[in-house]
file data22.cif (mmCIF, C-alpha atoms)
data_my_file
loop_
_atom_site.label_atom_id
_atom_site.label_comp_id
_atom_site.auth_asym_id
_atom_site.auth_seq_id
_atom_site.Cartn_x
_atom_site.Cartn_y
_atom_site.Cartn_z
CA MET A 1 -12.33 19.08 27.94
CA THR A 2 -13.16 16.71 30.79
CA ALA A 3 -11.41 13.39 31.25
CA LEU A 4 -14.40 11.49 29.86
CA GLY A 5 -14.96 14.05 27.12
CA VAL A 6 -11.80 13.13 25.19
CA PRO A 7 -12.60 9.45 24.57
CA ALA A 8 -16.30 10.27 24.10
CA ALA A 9 -15.47 12.72 21.31
CA HIS A 10 -13.45 10.07 19.49
CA VAL A 11 -16.18 7.44 19.90
CA VAL A 12 -18.75 9.79 18.35
CA LEU A 13 -16.44 10.56 15.41
CA VAL A 14 -15.64 6.89 14.76
CA ALA A 15 -19.34 5.98 14.84
CA ALA A 16 -20.16 8.81 12.42
CA ILE A 17 -17.39 7.72 10.04
CA TYR A 18 -18.63 4.14 10.09
CA LEU A 19 -22.23 5.09 9.31
CA LEU A 20 -21.23 7.56 6.60
CA PHE A 21 -18.96 5.14 4.76
CA ARG A 22 -21.33 2.19 5.22
CA MET A 23 -23.96 4.17 3.30
CA ALA A 24 -21.45 5.54 0.77
CA ALA A 25 -20.05 2.06 0.06
CA ALA A 26 -23.53 0.62 -0.43
CA LEU A 27 -24.35 3.39 -2.91
CA SER A 28 -21.02 2.98 -4.76
CA VAL A 29 -21.76 -0.63 -5.69
CA ARG A 30 -25.38 -0.04 -6.65
CA THR A 31 -24.83 -0.80 -10.33
CA ASP A 32 -25.04 -3.88 -12.53
CA ASP A 33 -21.51 -3.27 -13.83
CA ARG A 34 -19.15 -4.89 -11.32
CA THR A 35 -16.12 -3.24 -12.89
CA ILE A 36 -17.57 0.23 -12.34
CA ALA A 37 -18.55 -0.76 -8.81
CA ALA A 38 -15.02 -1.99 -8.08
CA GLY A 39 -13.49 1.25 -9.35
CA ARG A 40 -15.86 3.36 -7.26
CA LEU A 41 -15.20 1.25 -4.18
CA ARG A 42 -11.41 1.44 -4.57
CA LEU A 43 -11.57 5.22 -4.88
CA LEU A 44 -13.99 5.56 -1.97
CA THR A 45 -11.83 3.38 0.28
CA ARG A 46 -8.57 5.21 -0.48
CA LEU A 47 -10.13 8.62 -0.01
CA GLY A 48 -11.87 7.33 3.10
CA TYR A 49 -8.64 6.22 4.76
CA ALA A 50 -7.04 9.60 4.07
CA LEU A 51 -10.08 11.64 5.11
CA ALA A 52 -10.89 9.63 8.23
CA GLY A 53 -7.28 9.54 9.38
CA GLY A 54 -6.84 13.27 8.77
CA VAL A 55 -10.05 14.24 10.56
CA ALA A 56 -9.24 11.98 13.51
CA LEU A 57 -5.75 13.48 13.74
CA ALA A 58 -7.15 17.02 13.64
CA GLN A 59 -9.66 16.16 16.35
CA ALA A 60 -6.93 14.57 18.49
CA LEU A 61 -4.84 17.72 18.24
CA ASP A 62 -7.86 19.88 19.06
CA VAL A 63 -8.88 17.98 22.20
CA GLU A 64 -5.23 17.28 23.17
CA THR A 65 -5.56 13.50 23.10
CA GLY A 66 -1.80 13.02 23.19
CA GLU A 67 -1.44 15.02 26.39
CA TYR A 68 -4.42 13.21 27.91
CA ALA A 69 -3.03 9.76 27.10
CA GLY A 70 0.52 10.77 28.01
CA THR A 71 -0.62 11.93 31.42
CA LEU A 72 -2.45 8.66 32.05
CA LEU A 73 0.62 6.68 31.02
CA ALA A 74 2.92 8.81 33.16
CA THR A 75 0.62 8.30 36.14
CA ALA A 76 0.73 4.54 35.67
CA VAL A 77 4.45 4.46 34.78
CA PRO A 78 6.13 7.48 36.44
CA TRP A 79 9.46 7.20 34.60
CA LEU A 80 7.63 8.05 31.37
CA ALA A 81 6.79 11.51 32.70
CA ALA A 82 10.19 12.91 31.77
CA GLY A 83 12.33 12.89 28.68
CA PRO A 84 11.57 12.16 25.04
CA MET A 85 9.72 8.92 25.81
CA TRP A 86 6.70 10.91 27.02
CA SER A 87 6.41 12.70 23.69
CA LEU A 88 6.82 9.44 21.80
CA MET A 89 4.16 7.66 23.84
CA ALA A 90 1.79 10.63 23.50
CA ALA A 91 2.18 10.61 19.72
CA ALA A 92 1.80 6.82 19.58
CA SER A 93 -1.44 7.05 21.55
CA VAL A 94 -2.88 9.35 18.88
CA PHE A 95 -1.96 7.18 15.89
CA LEU A 96 -2.65 3.84 17.58
CA GLY A 97 -5.85 5.22 19.09
CA PRO A 98 -8.17 7.62 17.25
CA VAL A 99 -6.38 7.55 13.89
CA MET A 100 -6.31 3.75 13.79
CA LEU A 101 -9.93 3.47 14.93
CA ALA A 102 -11.11 5.99 12.34
CA THR A 103 -9.43 4.18 9.46
CA LEU A 104 -10.64 0.86 10.87
CA ALA A 105 -14.18 2.26 10.77
CA VAL A 106 -13.76 2.89 7.03
CA HIS A 107 -12.35 -0.60 6.51
CA LEU A 108 -15.18 -2.35 8.36
CA ALA A 109 -17.84 -0.10 6.83
CA THR A 110 -16.76 -1.02 3.31
CA HIS A 111 -16.40 -4.74 4.06
CA PRO A 112 -19.92 -5.74 2.90
CA ALA A 113 -19.45 -3.83 -0.36
CA ARG A 114 -16.07 -5.53 -0.94
CA THR A 115 -17.73 -8.90 -0.44
CA THR A 116 -20.42 -7.95 -2.95
CA VAL A 117 -17.88 -6.90 -5.59
CA TYR A 118 -15.07 -9.40 -5.08
CA GLY A 119 -16.84 -12.31 -3.44
CA GLY A 120 -15.05 -14.22 -0.73
CA HIS A 121 -16.17 -15.27 2.71
CA ALA A 122 -13.91 -13.30 5.07
CA THR A 123 -15.65 -12.77 8.40
CA TYR A 124 -15.52 -9.54 10.38
CA PRO A 125 -12.98 -11.00 12.86
CA GLU A 126 -10.74 -12.05 9.94
CA THR A 127 -11.14 -8.62 8.35
CA LEU A 128 -10.31 -6.96 11.67
CA ARG A 129 -7.23 -9.15 12.14
CA THR A 130 -5.93 -8.42 8.65
CA PHE A 131 -6.40 -4.67 9.11
CA LEU A 132 -4.71 -4.57 12.52
CA VAL A 133 -1.76 -6.63 11.36
CA ARG A 134 -1.18 -4.36 8.36
CA PHE A 135 -1.69 -1.14 10.32
CA LEU A 136 0.66 -2.17 13.11
CA ALA A 137 3.20 -3.44 10.59
CA LEU A 138 3.23 0.07 9.16
CA MET A 139 3.15 2.08 12.38
CA VAL A 140 5.45 0.11 14.70
CA PRO A 141 8.55 0.64 12.50
CA VAL A 142 7.64 4.32 12.19
CA PHE A 143 7.56 4.81 15.94
CA ALA A 144 10.71 2.74 16.36
CA LEU A 145 12.37 5.15 13.93
CA VAL A 146 11.03 8.15 15.85
CA GLY A 147 12.34 6.66 19.08
CA VAL A 148 15.82 6.28 17.62
CA MET A 149 15.68 9.83 16.25
CA LEU A 150 14.79 11.20 19.68
CA ALA A 151 17.77 9.37 21.16
CA VAL A 152 20.36 10.88 18.80
CA PRO A 153 21.51 14.52 18.60
CA HIS A 154 19.93 17.05 16.26
CA GLY A 155 21.47 17.75 12.87
CA TRP A 156 23.27 15.29 10.66
CA PRO A 157 22.89 12.30 13.06
CA ARG A 158 19.09 12.47 12.73
CA VAL A 159 19.30 12.96 8.98
CA ALA A 160 21.57 9.91 8.81
CA VAL A 161 19.05 7.84 10.80
CA VAL A 162 16.26 8.73 8.36
CA ALA A 163 18.52 8.11 5.36
CA ALA A 164 19.46 4.65 6.64
CA ALA A 165 15.96 3.71 7.78
CA GLY A 166 14.35 3.95 4.35
CA PRO A 167 16.47 1.30 2.59
CA VAL A 168 16.42 -0.93 5.68
CA PHE A 169 12.62 -0.90 5.91
CA VAL A 170 12.12 -1.55 2.20
CA ALA A 171 14.75 -4.30 2.15
CA ALA A 172 13.11 -5.98 5.16
CA ALA A 173 9.58 -5.77 3.71
CA PRO A 174 9.56 -9.22 2.03
CA PHE A 175 10.54 -10.98 5.24
CA VAL A 176 7.93 -9.08 7.26
CA LEU A 177 5.26 -9.96 4.69
CA LEU A 178 6.25 -13.63 4.78
CA VAL A 179 5.31 -13.64 8.46
CA LEU A 180 2.28 -11.34 8.31
CA PHE A 181 0.68 -12.93 5.25
CA ASP A 182 1.48 -16.58 6.03
CA GLY A 183 3.71 -16.83 2.98
CA ARG A 184 4.52 -20.33 1.76
CA ARG A 185 6.59 -21.85 -1.02
CA LEU A 186 5.05 -23.02 -4.27
CA THR A 187 3.79 -26.58 -4.33
CA ALA A 188 5.13 -28.91 -7.04
CA PRO A 189 1.99 -28.53 -9.22
CA GLU A 190 2.14 -24.74 -8.84
CA ARG A 191 5.80 -24.69 -9.85
CA GLU A 192 4.97 -26.80 -12.87
CA ARG A 193 2.31 -24.30 -13.97
CA ILE A 194 4.72 -21.37 -13.72
CA GLY A 195 7.67 -23.20 -15.23
CA ASP A 196 11.13 -21.65 -15.37
CA LEU A 197 9.77 -18.32 -14.09
CA ALA A 198 9.64 -19.89 -10.63
CA ASP A 199 13.45 -19.79 -10.66
CA ALA A 200 13.74 -16.23 -12.01
CA ALA A 201 12.91 -14.72 -8.60
CA PRO A 202 11.80 -16.05 -5.20
CA VAL A 203 8.04 -16.72 -5.46
CA ARG A 204 5.81 -17.13 -2.41
CA VAL A 205 2.08 -17.74 -2.02
CA VAL A 206 -0.06 -15.68 0.36
CA SER A 207 -2.67 -17.71 2.22
CA GLY A 208 -5.20 -17.04 4.97
CA PRO A 209 -7.49 -13.98 5.32
CA ALA A 210 -4.95 -11.72 3.61
CA SER A 211 -5.44 -13.66 0.38
CA SER A 212 -9.18 -13.12 0.01
CA ILE A 213 -8.63 -11.19 -3.26
CA GLY A 214 -6.61 -12.33 -6.24
CA SER A 215 -3.41 -10.33 -6.41
CA ALA A 216 0.26 -10.44 -7.36
CA PHE A 217 2.97 -8.05 -6.26
CA VAL A 218 6.70 -7.80 -5.74
CA THR A 219 8.60 -6.18 -2.90
CA GLY A 220 12.14 -5.81 -1.59
CA LEU A 221 15.25 -3.86 -2.48
CA VAL A 222 18.30 -6.13 -2.22
CA PRO A 223 19.13 -8.07 -5.43
CA GLY A 224 18.27 -11.72 -4.96
CA ARG A 225 15.97 -10.86 -2.05
CA GLN A 226 13.11 -9.27 -3.98
CA TYR A 227 10.13 -11.59 -3.60
CA VAL A 228 7.14 -12.15 -5.88
CA PHE A 229 3.94 -12.76 -3.90
CA LEU A 230 0.87 -14.49 -5.37
CA THR A 231 -2.44 -14.99 -3.58
CA GLU A 232 -4.24 -18.32 -3.65
CA PRO A 233 -7.35 -16.89 -5.40
CA LEU A 234 -5.11 -15.65 -8.22
CA LEU A 235 -3.60 -19.11 -8.67
CA ALA A 236 -7.08 -20.61 -8.75
CA SER A 237 -8.62 -18.10 -11.17
CA LEU A 238 -6.04 -17.91 -13.99
CA PRO A 239 -5.23 -20.50 -16.66
CA SER A 240 -1.59 -21.56 -16.66
CA GLY A 241 -0.59 -19.40 -19.64
CA GLU A 242 -2.09 -16.26 -18.16
CA LEU A 243 -0.64 -17.08 -14.75
CA ARG A 244 2.80 -17.29 -16.35
CA SER A 245 2.22 -13.85 -17.88
CA VAL A 246 1.31 -12.37 -14.50
CA VAL A 247 4.38 -13.91 -12.87
CA ALA A 248 6.55 -12.74 -15.78
CA HIS A 249 5.24 -9.21 -15.25
CA GLU A 250 6.30 -9.30 -11.59
CA VAL A 251 9.65 -10.86 -12.50
CA GLY A 252 10.05 -8.00 -14.99
CA HIS A 253 9.89 -5.56 -12.09
CA VAL A 254 12.81 -7.43 -10.52
CA ARG A 255 14.93 -7.94 -13.63
CA ARG A 256 14.38 -4.37 -14.87
CA HIS A 257 15.28 -2.89 -11.43
CA HIS A 258 11.95 -1.12 -11.05
CA LEU A 259 11.82 -1.30 -7.26
CA PRO A 260 15.00 0.75 -6.65
CA LEU A 261 13.88 3.09 -9.44
CA ARG A 262 10.56 3.72 -7.69
CA PHE A 263 12.09 4.01 -4.24
CA THR A 264 15.06 6.31 -4.85
CA PRO A 265 13.31 9.59 -5.86
CA VAL A 266 10.91 9.44 -2.90
CA TRP A 267 13.76 8.54 -0.55
CA LEU A 268 15.87 11.46 -1.77
CA PHE A 269 12.95 13.85 -1.31
CA VAL A 270 12.27 12.67 2.25
CA VAL A 271 15.95 12.85 3.25
CA GLY A 272 16.27 16.32 1.74
CA TRP A 273 13.13 17.50 3.52
CA MET A 274 14.40 16.06 6.81
CA ALA A 275 17.71 17.87 6.38
CA ALA A 276 15.90 21.15 5.69
CA LEU A 277 13.80 20.72 8.84
CA GLU A 278 16.79 19.76 11.00
CA PHE A 279 18.85 22.76 9.94
CA GLY A 280 16.03 25.27 10.22
CA VAL A 281 15.58 26.19 6.56
CA GLU A 282 12.90 28.87 6.37
CA HIS A 283 9.43 27.55 5.44
CA ALA A 284 10.83 24.00 5.25
CA LEU A 285 7.69 22.39 6.69
CA VAL A 286 5.21 24.12 4.39
CA GLY A 287 7.60 23.90 1.45
CA GLY A 288 7.95 20.16 1.88
CA VAL A 289 4.18 19.68 1.98
CA VAL A 290 3.71 21.82 -1.14
CA LEU A 291 6.55 20.13 -3.03
CA GLY A 292 5.29 16.75 -1.90
CA VAL A 293 2.28 17.03 -4.23
CA PRO A 294 4.24 17.21 -7.51
CA VAL A 295 6.72 14.66 -6.17
CA ALA A 296 3.85 12.26 -5.46
CA LEU A 297 2.33 12.86 -8.90
CA ALA A 298 5.70 12.36 -10.60
CA SER A 299 6.22 9.19 -8.58
CA MET A 300 2.87 7.85 -9.78
CA ARG A 301 3.83 8.58 -13.38
CA LEU A 302 7.08 6.69 -12.81
CA VAL A 303 5.15 3.74 -11.38
CA TRP A 304 2.93 3.71 -14.46
CA TRP A 305 6.00 3.65 -16.70
CA THR A 306 7.41 0.68 -14.79
CA GLU A 307 4.08 -1.11 -15.22
CA PHE A 308 4.20 -0.60 -18.98
CA ASP A 309 7.81 -1.77 -19.01
CA ALA A 310 6.99 -4.88 -16.98
CA ASP A 311 4.15 -5.64 -19.39
CA ALA A 312 6.64 -5.45 -22.28
CA TYR A 313 9.01 -7.80 -20.41
CA ALA A 314 6.18 -10.26 -19.83
CA ALA A 315 5.09 -10.06 -23.48
CA ALA A 316 8.63 -10.82 -24.63
CA HIS A 317 8.74 -13.95 -22.46
CA THR A 318 5.17 -15.28 -22.62
CA GLY A 319 3.60 -13.60 -25.65
CA THR A 320 1.62 -10.40 -26.16
CA ALA A 321 -1.69 -12.23 -26.54
CA SER A 322 -1.25 -14.07 -23.24
CA VAL A 323 -0.45 -10.86 -21.34
CA ALA A 324 -3.45 -9.09 -22.89
CA ASP A 325 -5.71 -12.02 -22.01
CA ALA A 326 -4.47 -11.97 -18.41
CA LEU A 327 -5.15 -8.23 -18.16
CA ARG A 328 -8.66 -8.66 -19.53
CA ARG A 329 -9.40 -11.49 -17.11
CA LEU A 330 -8.13 -9.47 -14.13
CA GLY A 331 -10.29 -6.59 -15.30
CA ALA A 332 -13.31 -8.88 -15.56
CA GLN A 333 -12.60 -9.98 -11.97
CA HIS A 334 -12.59 -6.28 -10.97
CA LEU A 335 -8.99 -6.45 -9.76
CA LEU A 336 -7.65 -3.77 -12.13
CA ALA A 337 -9.14 -0.51 -13.39
CA THR A 338 -10.48 -0.89 -16.92
CA ASP A 339 -10.68 2.84 -17.66
CA ALA A 340 -9.08 5.94 -16.22
CA GLY A 341 -12.09 8.13 -15.50
CA LEU A 342 -11.62 11.64 -14.18
CA PHE A 343 -10.16 10.70 -10.79
CA ARG A 344 -9.89 6.91 -10.59
CA GLY A 345 -7.12 6.71 -13.15
CA ARG A 346 -5.13 9.49 -11.51
CA LEU A 347 -5.17 7.70 -8.16
CA ALA A 348 -4.75 4.15 -9.46
CA ARG A 349 -1.55 2.26 -8.74
CA HIS A 350 -1.71 0.70 -12.21
CA PRO A 351 -2.53 2.20 -15.62
CA PRO A 352 -6.01 1.34 -16.94
CA ILE A 353 -6.19 -1.97 -18.78
CA GLY A 354 -7.13 -0.34 -22.07
CA GLN A 355 -3.97 1.76 -22.06
CA ARG A 356 -1.84 -1.24 -21.15
CA ILE A 357 -3.25 -3.38 -23.96
CA ASP A 358 -2.87 -0.51 -26.45
CA ARG A 359 0.75 -0.06 -25.37
CA LEU A 360 1.38 -3.79 -25.80
CA ALA A 361 -0.07 -3.68 -29.32
CA THR A 362 2.06 -0.65 -30.20
CA THR A 363 5.20 -2.34 -28.89
CA GLU A 364 4.35 -5.49 -30.86
CA ASP A 365 3.89 -3.46 -34.05
CA GLU A 366 7.20 -1.67 -33.51
CA ARG A 367 8.96 -4.99 -32.92
CA ALA A 368 7.43 -6.46 -36.08
CA ALA A 369 8.48 -3.42 -38.13
CA GLN A 370 12.13 -3.76 -37.13
CA PRO A 371 14.35 -5.39 -39.77
CA PRO A 372 15.70 -8.82 -38.83
CA ARG A 373 19.14 -8.82 -37.24
#
call {"tool": "encode", "arguments": {"input": "data22.cif", "output": "structure tokens"}}
result
Amino acid sequence: MTALGVPAAHVVLVAAIYLLFRMAAALSVRTDDRTIAAGRLRLLTRLGYALAGGVALAQALDVETGEYAGTLLATAVPWLAAGPMWSLMAAASVFLGPVMLATLAVHLATHPARTTVYGGHATYPETLRTFLVRFLALMVPVFALVGVMLAVPHGWPRVAVVAAAGPVFVAAAPFVLLVLFDGRRLTAPERERIGDLADAAPVRVVSGPASSIGSAFVTGLVPGRQYVFLTEPLLASLPSGELRSVVAHEVGHVRRHHLPLRFTPVWLFVVGWMAALEFGVEHALVGGVVLGVPVALASMRLVWWTEFDADAYAAAHTGTASVADALRRLGAQHLLATDAGLFRGRLARHPPIGQRIDRLATTEDERAAQPPR
């Protein structure tokens, strides 16, 4: 392919992806039921990122984008023409070029539909900034890791680098998010609304464009350095009792050690796969991809269990009725899936609200049936 043909091919693909998902997103929210629209849009967006990124990567490999970009870089900076840095820069040009642009096309194409479903007034520049910050926050550490791997010998040294990188990245995540998402401490009135739960784990508030949707999450790995993040729309939309239940749920993830529990199986799988690749185990690449599917499904089931367990923790500290009310309100705001459906429930990060409320009721009945101690 000619020198101009490589970038032209990617431009055509990105434009096609944008138009396709702009139409698909508009169709997905063409219903009077905002909850159904939100579920469709979440599914479309997740599948869109995966599909667009995969197609862009396949195209880049087909037209040899990495070699094209690597040659341009080596011409401009001759010392890059030799050694492992050339391969690293060539790979980075693919992921920070066509793959990033393809997934960005999906993100921008679905922006009007997100505004329709969730409300908010985020502009396209704000949406673009948020996407780029998150994408680069994900990819830069990955390429830093690859660079270190290329600098160490094959075999156990590379396996050790991968094994150490996982816990380091996850442990550092809260501090990265504090910078990326403009995290701030709770104000005095906010602390008063949450009460003693504000002291159960570090709580920070996400502001700016990243907080356009009400959300709460917890991240980190090191005890005492696992942070609960709340967005400003969430603080504004929930009554104090329900807000306490949401915070108690996130604190439950910390106190019940859910984050290490979620992380460890995936980490062990990746380290084992890396070791198999490094030591030339037959069919290691294909085997890892095939085994990755059941590992991912099992990991999702584990995540669901931790969500149920965190709900139970929150119910024990703030009351079953308050937790159920908070779940219903979040569902009404289209922030959580209300039903599983054929595919939406299987791909959701959280169990459907109906299942969570049913589980809470069952746990409450079991607790009531126990004889007093």
call {"tool": "atom_distance", "arguments": {"input": "data22.cif", "atom1": "atom CA of A:Ala37", "atom2": "atom CA of A:Ala298"}}
result
27.6 Å
call {"tool": "residues_around", "arguments": {"input": "data22.cif", "residues": "A:Thr306", "least_positions_apart": "4", "cutoff": "10 Å", "atoms": "only C-alpha atoms", "output": "list in words"}}
result
Gly252, His253, Arg256, His257, His258, Leu259, Leu261, Arg262, Met300, Arg301, Leu302, Ala310, Asp311, Ala312 and His350 of chain A
call {"tool": "resolve_selection", "arguments": {"input": "data22.cif", "expression": "the PyMOL selection byres ((chain A and resi 264-269) around 10)", "output": "list of chain:residue names"}}
result
A:Val162, A:Ala163, A:Ala164, A:Ala165, A:Gly166, A:Pro167, A:Leu259, A:Pro260, A:Leu261, A:Arg262, A:Phe263, A:Val270, A:Val271, A:Gly272, A:Trp273, A:Met274, A:Ala275, A:Gly288, A:Leu291, A:Gly292, A:Val295, A:Ala296, A:Ala298, A:Ser299, A:Leu302
call {"tool": "resolve_selection", "arguments": {"input": "data22.cif", "expression": "the PyMOL selection byres ((chain A and resi 129-145) around 9)", "output": "ChimeraX atom specification"}}
result
/A:88,91-92,95-96,100,104,107,124-128,146-150,161-162,165,169,176,180-181,209-210
call {"tool": "residues_around", "arguments": {"input": "data22.cif", "residues": "stretch 230-245 of chain A", "least_positions_apart": "3", "cutoff": "6 Å", "atoms": "only C-alpha atoms", "output": "PDB file with C-alpha atoms, in the frame of the given file"}}
result
ATOM      1  CA  ARG A 193       2.310 -24.300 -13.970  1.00  0.00           C
ATOM      2  CA  ILE A 194       4.720 -21.370 -13.720  1.00  0.00           C
ATOM      3  CA  VAL A 205       2.080 -17.740  -2.020  1.00  0.00           C
ATOM      4  CA  VAL A 206      -0.060 -15.680   0.360  1.00  0.00           C
ATOM      5  CA  SER A 211      -5.440 -13.660   0.380  1.00  0.00           C
ATOM      6  CA  GLY A 214      -6.610 -12.330  -6.240  1.00  0.00           C
ATOM      7  CA  SER A 215      -3.410 -10.330  -6.410  1.00  0.00           C
ATOM      8  CA  ALA A 216       0.260 -10.440  -7.360  1.00  0.00           C
ATOM      9  CA  ALA A 248       6.550 -12.740 -15.780  1.00  0.00           C
ATOM     10  CA  ALA A 314       6.180 -10.260 -19.830  1.00  0.00           C
ATOM     11  CA  THR A 318       5.170 -15.280 -22.620  1.00  0.00           C
ATOM     12  CA  SER A 322      -1.250 -14.070 -23.240  1.00  0.00           C
ATOM     13  CA  VAL A 323      -0.450 -10.860 -21.340  1.00  0.00           C
ATOM     14  CA  ALA A 326      -4.470 -11.970 -18.410  1.00  0.00           C
TER      15      ALA A 326
END
